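S.K.: The following file, input_33.txt, comprises compact mmCIF, C-alpha atoms:
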# COMPACT_ATOMS: atom_id res chain seq x y z
CA MET O 1 105.13 -11.63 205.56
CA LYS O 2 106.58 -14.08 203.06
CA LEU O 3 104.28 -14.95 200.17
CA PHE O 4 104.36 -18.30 198.33
CA THR O 5 102.27 -18.62 195.16
CA ASP O 6 103.85 -21.81 193.80
CA ILE O 7 104.08 -24.98 195.84
CA ARG O 8 107.46 -25.73 194.26
CA ASP O 9 108.92 -22.61 195.87
CA ILE O 10 108.01 -23.61 199.41
CA LYS O 11 111.26 -24.50 201.15
CA ASP O 12 113.45 -23.39 204.04
CA ILE O 13 110.45 -22.55 206.23
CA LYS O 14 110.14 -23.03 209.95
CA ASN O 15 107.45 -24.93 211.84
CA THR O 16 104.01 -23.35 211.53
CA VAL O 17 100.68 -22.81 213.18
CA ILE O 18 98.53 -22.68 210.09
CA ALA O 19 95.08 -21.19 209.53
CA VAL O 20 93.32 -23.00 206.70
CA GLY O 21 90.32 -22.09 204.54
CA ASN O 22 89.22 -20.35 201.38
CA PHE O 23 88.98 -17.08 203.32
CA ASP O 24 86.73 -15.43 200.72
CA GLY O 25 86.45 -11.84 201.87
CA VAL O 26 88.56 -12.43 205.02
CA HIS O 27 85.44 -11.60 207.04
CA LYS O 28 85.07 -11.41 210.82
CA GLY O 29 84.86 -15.19 211.22
CA HIS O 30 87.98 -15.69 209.10
CA GLN O 31 89.83 -13.04 211.08
CA LYS O 32 89.11 -14.91 214.33
CA ILE O 33 90.67 -18.08 212.90
CA ILE O 34 93.77 -16.22 211.70
CA GLN O 35 94.12 -14.28 214.95
CA ARG O 36 93.98 -17.55 216.88
CA SER O 37 96.78 -19.00 214.76
CA ILE O 38 98.90 -15.90 215.39
CA LYS O 39 98.30 -16.10 219.14
CA ASP O 40 99.15 -19.81 219.27
CA ALA O 41 102.28 -19.29 217.15
CA GLU O 42 103.52 -16.56 219.45
CA SER O 43 103.04 -18.72 222.55
CA SER O 44 104.75 -21.77 221.03
CA GLY O 45 107.61 -20.07 219.19
CA TYR O 46 106.34 -21.21 215.78
CA LYS O 47 105.51 -19.15 212.68
CA ALA O 48 101.94 -18.01 211.97
CA ALA O 49 100.77 -19.02 208.50
CA VAL O 50 97.69 -18.95 206.29
CA PHE O 51 96.99 -21.57 203.65
CA THR O 52 94.41 -20.65 201.05
CA PHE O 53 93.83 -21.16 197.34
CA SER O 54 94.36 -18.39 194.80
CA ASN O 55 91.29 -19.62 192.89
CA HIS O 56 87.99 -21.00 194.14
CA PRO O 57 87.89 -24.83 194.23
CA ARG O 58 84.28 -24.91 193.01
CA ASN O 59 85.32 -23.10 189.83
CA VAL O 60 87.74 -25.96 189.11
CA ILE O 61 85.77 -28.99 190.27
CA ALA O 62 82.24 -28.03 189.30
CA ASN O 63 82.98 -25.41 186.62
CA ASP O 64 81.06 -22.88 188.71
CA ASP O 65 81.49 -19.13 188.47
CA VAL O 66 81.93 -18.13 192.10
CA LYS O 67 82.70 -14.42 192.14
CA ASN O 68 85.51 -13.01 194.27
CA ILE O 69 84.74 -10.63 197.13
CA LEU O 70 88.33 -9.37 197.18
CA SER O 71 90.91 -8.87 194.47
CA PRO O 72 94.04 -11.02 194.95
CA GLU O 73 96.10 -7.93 195.78
CA HIS O 74 93.63 -6.66 198.36
CA LYS O 75 93.36 -10.09 199.96
CA ILE O 76 97.14 -10.36 200.29
CA ASN O 77 97.31 -6.89 201.87
CA ILE O 78 94.69 -7.84 204.46
CA PHE O 79 96.63 -10.99 205.39
CA ARG O 80 99.78 -8.89 205.70
CA ASP O 81 98.03 -6.36 207.93
CA LEU O 82 96.79 -9.14 210.21
CA GLY O 83 100.43 -9.96 210.95
CA ILE O 84 101.09 -13.48 209.68
CA ASP O 85 104.58 -14.74 208.82
CA TYR O 86 103.82 -16.97 205.82
CA LEU O 87 101.05 -16.86 203.23
CA PHE O 88 100.64 -19.99 201.11
CA SER O 89 98.33 -18.85 198.29
CA ILE O 90 98.58 -21.56 195.67
CA PRO O 91 96.33 -22.58 192.77
CA PHE O 92 93.76 -25.28 193.40
CA THR O 93 94.42 -27.95 190.79
CA MET O 94 92.88 -31.30 189.84
CA GLN O 95 95.98 -32.92 191.32
CA ILE O 96 95.22 -31.37 194.70
CA ALA O 97 91.53 -32.20 194.27
CA ALA O 98 92.46 -35.88 193.84
CA MET O 99 94.40 -36.10 197.11
CA LYS O 100 92.78 -38.33 199.73
CA PRO O 101 92.13 -36.52 203.02
CA GLU O 102 94.97 -38.18 204.93
CA GLU O 103 97.39 -37.61 202.05
CA TYR O 104 96.29 -33.97 201.94
CA VAL O 105 97.13 -33.53 205.62
CA ASN O 106 100.38 -35.50 205.66
CA GLU O 107 101.92 -34.54 202.31
CA LEU O 108 100.67 -30.99 201.97
CA LEU O 109 100.07 -29.56 205.45
CA ILE O 110 102.71 -31.43 207.44
CA LYS O 111 105.53 -32.15 205.01
CA THR O 112 105.21 -29.12 202.74
CA PHE O 113 103.91 -26.41 205.09
CA ARG O 114 105.70 -27.79 208.20
CA MET O 115 102.45 -27.68 210.18
CA LYS O 116 102.67 -28.23 213.94
CA GLU O 117 99.21 -26.89 214.73
CA ILE O 118 96.13 -26.16 212.64
CA CYS O 119 93.33 -23.63 213.14
CA CYS O 120 90.15 -23.98 211.08
CA GLY O 121 86.46 -23.24 211.01
CA PHE O 122 83.77 -25.63 212.23
CA ASN O 123 82.79 -26.50 208.66
CA TYR O 124 86.27 -27.00 207.19
CA ARG O 125 86.39 -29.72 204.48
CA PHE O 126 89.40 -31.09 202.65
CA GLY O 127 90.65 -33.86 200.40
CA TYR O 128 89.06 -35.80 197.55
CA LYS O 129 85.37 -34.91 197.16
CA ALA O 130 85.69 -32.88 200.39
CA ALA O 131 85.55 -36.15 202.31
CA GLY O 132 87.71 -34.82 205.15
CA ASP O 133 86.06 -32.92 208.00
CA THR O 134 86.99 -31.65 211.47
CA LYS O 135 86.23 -35.04 213.04
CA LEU O 136 88.75 -36.75 210.76
CA LEU O 137 91.19 -33.90 211.32
CA MET O 138 91.06 -34.55 215.05
CA GLU O 139 91.74 -38.24 214.48
CA LEU O 140 94.71 -37.43 212.25
CA SER O 141 96.04 -34.98 214.86
CA LEU O 142 96.49 -37.93 217.23
CA LYS O 143 98.17 -40.06 214.57
CA TYR O 144 100.57 -37.38 213.32
CA GLN O 145 100.96 -35.48 216.59
CA PHE O 146 99.87 -31.97 215.65
CA GLY O 147 97.71 -29.54 217.58
CA ILE O 148 94.25 -28.56 216.42
CA HIS O 149 91.85 -25.76 217.21
CA VAL O 150 88.39 -25.75 215.61
CA MET O 151 86.64 -22.40 215.79
CA GLU O 152 82.90 -22.24 216.33
CA ALA O 153 80.62 -20.38 213.92
CA TYR O 154 81.00 -16.61 214.24
CA GLN O 155 77.58 -15.03 214.58
CA ILE O 156 76.15 -11.53 214.41
CA ASP O 157 72.54 -11.02 215.54
CA GLY O 158 71.92 -14.75 215.24
CA MET O 159 73.36 -14.96 211.71
CA THR O 160 76.38 -17.14 210.99
CA VAL O 161 78.84 -14.96 209.12
CA SER O 162 79.71 -16.54 205.77
CA SER O 163 81.05 -15.55 202.37
CA THR O 164 77.76 -16.67 200.80
CA LEU O 165 75.86 -14.24 203.02
CA ILE O 166 78.29 -11.45 202.13
CA ARG O 167 77.94 -12.09 198.40
CA LYS O 168 74.16 -11.94 198.79
CA ALA O 169 74.37 -8.64 200.68
CA ILE O 170 76.62 -7.12 198.00
CA SER O 171 74.45 -8.31 195.12
CA GLU O 172 71.36 -6.85 196.83
CA GLY O 173 73.05 -3.53 197.59
CA ASP O 174 72.80 -4.03 201.36
CA ILE O 175 76.13 -2.34 202.02
CA LYS O 176 75.47 -1.79 205.72
CA LYS O 177 74.97 -5.50 206.32
CA CYS O 178 77.94 -6.39 204.12
CA ASN O 179 80.27 -4.06 206.03
CA GLU O 180 79.05 -5.42 209.36
CA LEU O 181 79.80 -8.99 208.27
CA LEU O 182 83.20 -8.08 206.81
CA GLY O 183 84.31 -6.00 209.78
CA ARG O 184 85.43 -3.24 207.41
CA ASN O 185 84.02 -1.30 204.46
CA TYR O 186 83.40 -3.27 201.26
CA SER O 187 85.59 -1.85 198.51
CA ILE O 188 86.51 -2.01 194.86
CA GLY O 189 90.00 -1.00 193.80
CA GLY O 190 92.07 -0.72 190.68
CA GLU O 191 93.79 1.56 188.22
CA VAL O 192 92.00 4.71 187.09
CA VAL O 193 91.26 4.65 183.36
CA VAL O 194 90.25 7.38 180.94
CA GLY O 195 86.46 7.65 180.64
CA ASN O 196 84.31 9.72 178.31
CA LYS O 197 85.18 12.87 180.36
CA LEU O 198 81.51 13.91 180.46
CA GLY O 199 81.66 14.35 184.23
CA ARG O 200 84.33 17.01 183.91
CA THR O 201 82.32 18.97 181.33
CA ILE O 202 79.23 19.10 183.58
CA GLY O 203 81.14 19.99 186.74
CA PHE O 204 81.50 16.57 188.34
CA PRO O 205 84.85 15.05 187.29
CA THR O 206 85.15 11.35 188.05
CA SER O 207 87.83 8.71 188.41
CA ASN O 208 86.81 5.59 186.51
CA LEU O 209 87.52 1.93 187.26
CA VAL O 210 86.81 -0.97 184.93
CA ILE O 211 85.03 -3.75 186.78
CA ASP O 212 86.84 -7.07 186.89
CA LYS O 213 84.28 -9.65 185.76
CA THR O 214 85.62 -12.18 188.27
CA MET O 215 84.47 -9.89 191.10
CA ILE O 216 81.09 -9.66 192.78
CA THR O 217 79.70 -6.14 192.37
CA PRO O 218 76.79 -4.21 193.89
CA PRO O 219 73.69 -3.32 191.88
CA SER O 220 73.77 -0.35 189.55
CA GLY O 221 73.23 2.79 191.58
CA VAL O 222 74.67 5.83 193.32
CA TYR O 223 76.57 5.26 196.56
CA ILE O 224 78.09 7.28 199.37
CA THR O 225 81.75 6.28 199.41
CA TYR O 226 85.26 7.07 200.50
CA CYS O 227 88.08 7.05 197.98
CA GLU O 228 91.50 6.01 199.21
CA TYR O 229 94.44 7.35 197.25
CA ASN O 230 98.08 7.40 198.26
CA GLY O 231 97.27 6.36 201.82
CA LYS O 232 94.61 9.00 202.45
CA LYS O 233 90.80 8.68 202.40
CA TYR O 234 88.65 11.33 200.75
CA PRO O 235 84.85 11.75 200.99
CA SER O 236 83.31 10.82 197.66
CA ILE O 237 80.23 9.72 195.75
CA THR O 238 80.24 6.82 193.31
CA ASN O 239 78.09 5.60 190.45
CA VAL O 240 78.14 1.89 189.66
CA GLY O 241 76.49 0.99 186.39
CA PHE O 242 76.11 1.41 182.66
CA LYS O 243 75.52 5.19 182.30
CA PRO O 244 72.26 4.66 180.31
CA THR O 245 71.55 8.38 179.84
CA ILE O 246 74.61 8.95 177.67
CA GLY O 247 75.00 5.70 175.73
CA GLN O 248 75.82 2.01 175.98
CA TYR O 249 78.74 1.12 178.22
CA ASP O 250 80.06 -1.86 180.15
CA LYS O 251 79.37 -1.75 183.87
CA ASN O 252 81.95 0.42 185.56
CA VAL O 253 82.69 2.37 188.73
CA GLU O 254 83.06 6.16 188.52
CA THR O 255 83.85 8.18 191.60
CA HIS O 256 83.60 11.92 192.19
CA ILE O 257 85.94 12.95 195.01
CA PHE O 258 84.81 16.07 196.86
CA ASP O 259 87.21 19.03 197.03
CA PHE O 260 89.85 17.20 195.04
CA ASP O 261 91.54 18.50 191.89
CA LYS O 262 94.20 15.90 191.05
CA ILE O 263 93.97 13.91 187.83
CA LEU O 264 94.39 10.22 188.72
CA TYR O 265 94.71 8.52 185.32
CA GLY O 266 97.00 5.52 185.72
CA LYS O 267 96.95 5.77 189.52
CA THR O 268 95.59 3.11 191.87
CA ILE O 269 92.60 3.95 194.07
CA ASN O 270 90.35 1.99 196.41
CA VAL O 271 86.66 2.92 196.67
CA GLU O 272 84.99 2.05 199.98
CA PHE O 273 81.20 1.75 199.92
CA ILE O 274 79.04 3.08 202.78
CA LYS O 275 75.43 3.10 201.58
CA MET O 276 73.29 3.36 198.45
CA ILE O 277 71.56 6.67 197.73
CA ARG O 278 69.43 5.51 194.81
CA PRO O 279 69.35 3.00 191.92
CA GLU O 280 70.81 4.03 188.58
CA ARG O 281 68.22 5.32 186.10
CA LYS O 282 68.02 6.74 182.60
CA PHE O 283 67.23 10.46 182.35
CA GLU O 284 65.59 12.18 179.41
CA ASN O 285 68.53 14.53 178.90
CA ILE O 286 71.89 15.59 180.30
CA GLU O 287 70.44 18.60 182.14
CA LEU O 288 68.14 16.39 184.22
CA LEU O 289 71.06 14.07 184.91
CA LYS O 290 73.17 17.03 186.02
CA LYS O 291 70.45 18.23 188.41
CA GLN O 292 70.12 14.77 189.94
CA ILE O 293 73.88 14.45 190.37
CA ALA O 294 73.93 17.80 192.17
CA GLN O 295 71.20 16.57 194.53
CA ASP O 296 73.04 13.28 195.09
CA CYS O 297 76.19 15.22 195.99
CA ILE O 298 74.24 17.27 198.56
CA THR O 299 73.02 14.03 200.13
CA ALA O 300 76.49 12.49 200.18
CA LYS O 301 78.16 15.62 201.56
CA ALA O 302 75.56 15.83 204.33
CA TYR O 303 76.34 12.26 205.31
CA HIS O 304 80.09 12.85 205.30
CA ARG O 305 79.68 15.99 207.44
CA SER O 306 77.55 14.04 209.92
CA VAL O 307 80.29 11.50 210.60
CA ILE O 308 83.21 13.90 210.99
Once you've parsed the file, please lay out its structure as structure tokens.
M.R.:
Amino acid sequence: MKLFTDIRDIKDIKNTVIAVGNFDGVHKGHQKIIQRSIKDAESSGYKAAVFTFSNHPRNVIANDDVKNILSPEHKINIFRDLGIDYLFSIPFTMQIAAMKPEEYVNELLIKTFRMKEICCGFNYRFGYKAAGDTKLLMELSLKYQFGIHVMEAYQIDGMTVSSTLIRKAISEGDIKKCNELLGRNYSIGGEVVVGNKLGRTIGFPTSNLVIDKTMITPPSGVYITYCEYNGKKYPSITNVGFKPTIGQYDKNVETHIFDFDKILYGKTINVEFIKMIRPERKFENIELLKKQIAQDCITAKAYHRSVI
């Protein structure tokens, strides 16, 4: 996969079948759109491409604070794993926001991205004030002679899968629902940092991640998880929160990996969430906290054994 993060660098590319959208989370509905573009590209001899923005348009236009479901690195890796040829992940700017819908299609999609066919969701909007829709896109496909495939809403149990629904599930701690909508386990990744090392002194060493404030995160609590390190997944248990029993801290993620003795400071890990065991709470003393952690580990280990 060839990645383009600056529109000025896009050159010497071949004709494309391009999947378009914000692709927040790259959930099951998004995957269907991308898979369709890959299939069509293979049958026509074109290149399969994805066009998305590296930032959320609402954060630029409306000064919103839409939280990311995926880190940029994780999102890129998912696109790569899906098997596309080109990824156009460029910043959404006020200049792009000002483009009229037809200009957006002709100048950006056709002339810059060499689009020969487009695949999009049923609710795709584009151009100045999001005035362009799939109806206009179909009209422009006749004028500029490109193919178009509009995907219907992807539903699970009568629910239309959407990034908004996924953010809600994460914020409410409904990990099961979130994972079902995503089509994979929700995860938080990053570089392991040095914590207060209390876990090691009480028999439960943890690998700590600082939470990126641009990311949506689950409620404070204890979760059954898997920790991926160096290409291998390990059963684990994770606390998300502020560690109120031992002091005042920023919200972080600390993971205890079962039967694992490596020190991971400075290493990159990815924590996959399965289900919440309990909300985070403040204990009267460290001994009570230690007893509860031991019980939480029994619960998590029992779950991991049940799925082997």
S.K.: CA of Ile257 (chain O) to CA of Cys227 (chain O): how many Å, to one decimal?
M.R.: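 So the two atoms, CA of Ile257 (chain O) and CA of Cys227 (chain O), lie 6.9 Å apart.
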S.K.: From the list O:Thr5, O:Lys116, O:Ala98, O:Arg184, which residue is nearest Asn55 (chain O) when using all atoms listed in the file?
M.R.: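 Result for the nearest residue to Asn55 (chain O): O:Thr5.
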S.K.: Excluding same-chain residues fewer than 3 positions from Lys177 (chain O), what lies within 12 Å of it counting all atoms listed in the file, as a list in words?
M.R.: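 With the cut-off at 12 Å, the set is Ile156, Asp157, Met159, Val161, Leu165, Ile166, Arg167, Lys168, Ala169, Ile170, Ser171, Glu172, Gly173, Asp174, Glu180, Leu181, Leu182, Gly183, Arg184, Asn185, Tyr186, Phe273, Ile274, Lys275 and Met276 of chain O.
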S.K.: Quick one: distance from CA of His74 (chain O) to CA of Asn22 (chain O) in Å, one decimal?
M.R.: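 Answer for the CA of His74 (chain O) to CA of Asn22 (chain O) separation: 14.7 Å.
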S.K.: One decimal, in Å: what's the spacing between CA of Gly266 (chain O) and CA of Ser236 (chain O)?
M.R.: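 The value is 18.9 Å.
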S.K.: Which of these, O:Tyr86, O:Tyr249, O:Tyr144, O:Phe79, has the shortest distance to Asn106 (chain O) once you count all atoms listed in the file?
M.R.: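 Smallest separation from Asn106 (chain O) among the options: O:Tyr144.
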S.K.: Give the answer as one residue: which of O:Pro218, O:Gly231, O:Pro205, O:Gly21 has the shortest atom-to-atom distance to Ala49 (chain O), using all atoms listed in the file?
M.R.: O:Gly21
S.K.: Between O:Thr225, O:Ser44, O:Thr16, O:Thr255, single out the one closest to Leu87 (chain O), counting all atoms listed in the file.
M.R.: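 Looking only at the distances to Leu87 (chain O), the closest residue turns out to be O:Thr16.
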S.K.: From the set O:Pro57, O:Gly45, O:Gly190, O:Gly241, which residue has the shortest atom-to-atom contact distance to Gly127 (chain O), counting only C-alpha atoms?
M.R.: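 Using only C-alpha atoms, Gly127 (chain O) sits closest to O:Pro57.
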S.K.: I'd like the neighbourhood of Asp250 (chain O) as an MDAnalysis selection string, where a residue qualifies if any of its atoms comes within 12 Å (using all atoms listed in the file), though same-chain residues fewer than 6 positions away should be ignored.
M.R.: chainID O and resid 195 208:213 220 240:244
S.K.: Draw an axis-aligned box over all listed atoms of region 35-53 of chain O, pad each side with 4 Å, and write its centre and edge lengths in Å, one decimal, as JSON.
M.R.:
{"center_x": 100.7, "center_y": -18.0, "center_z": 209.9, "size_x": 21.8, "size_y": 15.5, "size_z": 33.2}
S.K.: Could you give me, as a PyMOL selection string, the residues within 8 Å of Ile118 (chain O), counting all atoms listed in the file and dropping anything in the same chain fewer than 6 positions from it?
M.R.: chain O and resi 17-20+37+146-149
S.K.: Pick out the closest residue to Lys2 (chain O) from this set: O:Ser306, O:Ser89, O:Asn285, O:Thr268. Count all atoms listed in the file.
M.R.: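 Residue with the minimum atom-to-atom distance to Lys2 (chain O): O:Ser89.
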S.K.: Report as a list of chain:residue names all protein, DNA and RNA residues lying within 9 Å of Val60 (chain O), evaluated on all atoms listed in the file, omitting residues in the same chain fewer than 3 positions from it.
M.R.: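 Contacts, with the query itself left out: O:Asn55, O:His56, O:Pro57, O:Asn63, O:Asp64, O:Phe92, O:Thr93, O:Met94, O:Ala97.
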S.K.: Take region 148-250 of chain O from the block and save it with C-alpha atoms, as a compact mmCIF listing (two decimals), in the first residue's frame.
M.R.:
# COMPACT_ATOMS: atom_id res chain seq x y z
CA ILE O 148 -20.50 4.64 -9.02
CA HIS O 149 -21.59 2.15 -6.40
CA VAL O 150 -23.62 3.36 -3.40
CA MET O 151 -23.69 0.89 -0.53
CA GLU O 152 -26.83 0.49 1.54
CA ALA O 153 -26.80 0.92 5.32
CA TYR O 154 -25.07 -1.99 7.05
CA GLN O 155 -27.28 -3.27 9.85
CA ILE O 156 -26.88 -5.61 12.80
CA ASP O 157 -30.04 -6.67 14.67
CA GLY O 158 -31.94 -3.80 13.08
CA MET O 159 -29.32 -1.20 14.04
CA THR O 160 -27.51 0.78 11.36
CA VAL O 161 -23.81 0.50 12.14
CA SER O 162 -22.29 3.95 12.56
CA SER O 163 -19.30 5.61 14.19
CA THR O 164 -21.67 7.59 16.42
CA LEU O 165 -23.16 4.35 17.73
CA ILE O 166 -19.68 2.93 18.33
CA ARG O 167 -18.55 6.02 20.25
CA LYS O 168 -21.67 5.74 22.41
CA ALA O 169 -20.98 2.06 23.12
CA ILE O 170 -17.36 2.81 24.10
CA SER O 171 -18.29 5.74 26.33
CA GLU O 172 -20.90 3.57 28.10
CA GLY O 173 -18.52 0.63 28.54
CA ASP O 174 -20.61 -1.65 26.32
CA ILE O 175 -17.56 -3.40 24.89
CA LYS O 176 -19.50 -6.39 23.56
CA LYS O 177 -21.71 -4.16 21.43
CA CYS O 178 -18.75 -2.05 20.33
CA ASN O 179 -16.78 -5.11 19.18
CA GLU O 180 -19.80 -6.45 17.31
CA LEU O 181 -20.19 -3.17 15.42
CA LEU O 182 -16.47 -2.87 14.68
CA GLY O 183 -16.06 -6.46 13.54
CA ARG O 184 -12.96 -6.78 15.74
CA ASN O 185 -11.96 -6.05 19.33
CA TYR O 186 -11.84 -2.38 20.35
CA SER O 187 -8.29 -1.51 21.36
CA ILE O 188 -6.00 1.16 22.73
CA GLY O 189 -2.34 1.10 21.76
CA GLY O 190 0.81 3.05 22.38
CA GLU O 191 4.22 3.12 23.99
CA VAL O 192 4.60 1.72 27.50
CA VAL O 193 5.66 4.41 29.98
CA VAL O 194 7.07 4.20 33.49
CA GLY O 195 4.31 4.31 36.11
CA ASN O 196 4.50 4.53 39.89
CA LYS O 197 5.59 0.84 40.02
CA LEU O 198 3.06 0.11 42.79
CA GLY O 199 1.69 -2.86 40.87
CA ARG O 200 5.05 -4.59 40.92
CA THR O 201 5.42 -4.11 44.69
CA ILE O 202 2.02 -5.72 45.40
CA GLY O 203 2.50 -8.62 43.00
CA PHE O 204 0.64 -7.33 39.95
CA PRO O 205 3.14 -5.59 37.62
CA THR O 206 1.50 -3.51 34.92
CA SER O 207 2.37 -1.95 31.58
CA ASN O 208 1.12 1.63 31.48
CA LEU O 209 -0.17 3.68 28.55
CA VAL O 210 -0.90 7.40 28.62
CA ILE O 211 -4.30 8.11 27.11
CA ASP O 212 -4.29 10.35 24.05
CA LYS O 213 -6.88 13.04 24.76
CA THR O 214 -7.99 13.04 21.12
CA MET O 215 -9.21 9.44 21.55
CA ILE O 216 -12.55 8.18 22.81
CA THR O 217 -12.00 6.00 25.90
CA PRO O 218 -14.19 3.63 27.92
CA PRO O 219 -15.39 4.50 31.43
CA SER O 220 -13.05 4.02 34.36
CA GLY O 221 -13.08 0.38 35.35
CA VAL O 222 -11.45 -3.04 35.24
CA TYR O 223 -11.62 -4.96 31.97
CA ILE O 224 -10.83 -8.41 30.65
CA THR O 225 -8.36 -7.82 27.82
CA TYR O 226 -5.73 -9.23 25.53
CA CYS O 227 -2.38 -7.51 25.20
CA GLU O 228 -0.65 -7.72 21.84
CA TYR O 229 3.11 -7.36 21.90
CA ASN O 230 5.57 -8.20 19.15
CA GLY O 231 2.91 -9.94 17.08
CA LYS O 232 1.61 -12.20 19.86
CA LYS O 233 -1.53 -11.85 22.02
CA TYR O 234 -1.39 -12.51 25.76
CA PRO O 235 -4.34 -12.89 28.17
CA SER O 236 -4.45 -9.85 30.42
CA ILE O 237 -6.51 -7.65 32.73
CA THR O 238 -6.62 -3.87 32.42
CA ASN O 239 -7.55 -0.94 34.62
CA VAL O 240 -8.70 2.25 32.92
CA GLY O 241 -8.93 5.22 35.21
CA PHE O 242 -7.39 7.57 37.74
CA LYS O 243 -6.13 5.15 40.46
CA PRO O 244 -8.05 7.01 43.23
CA THR O 245 -6.85 4.72 46.05
CA ILE O 246 -3.22 5.76 45.71
CA GLY O 247 -3.40 9.43 44.69
CA GLN O 248 -4.39 11.85 41.96
CA TYR O 249 -3.44 10.83 38.43
CA ASP O 250 -4.50 11.56 34.87
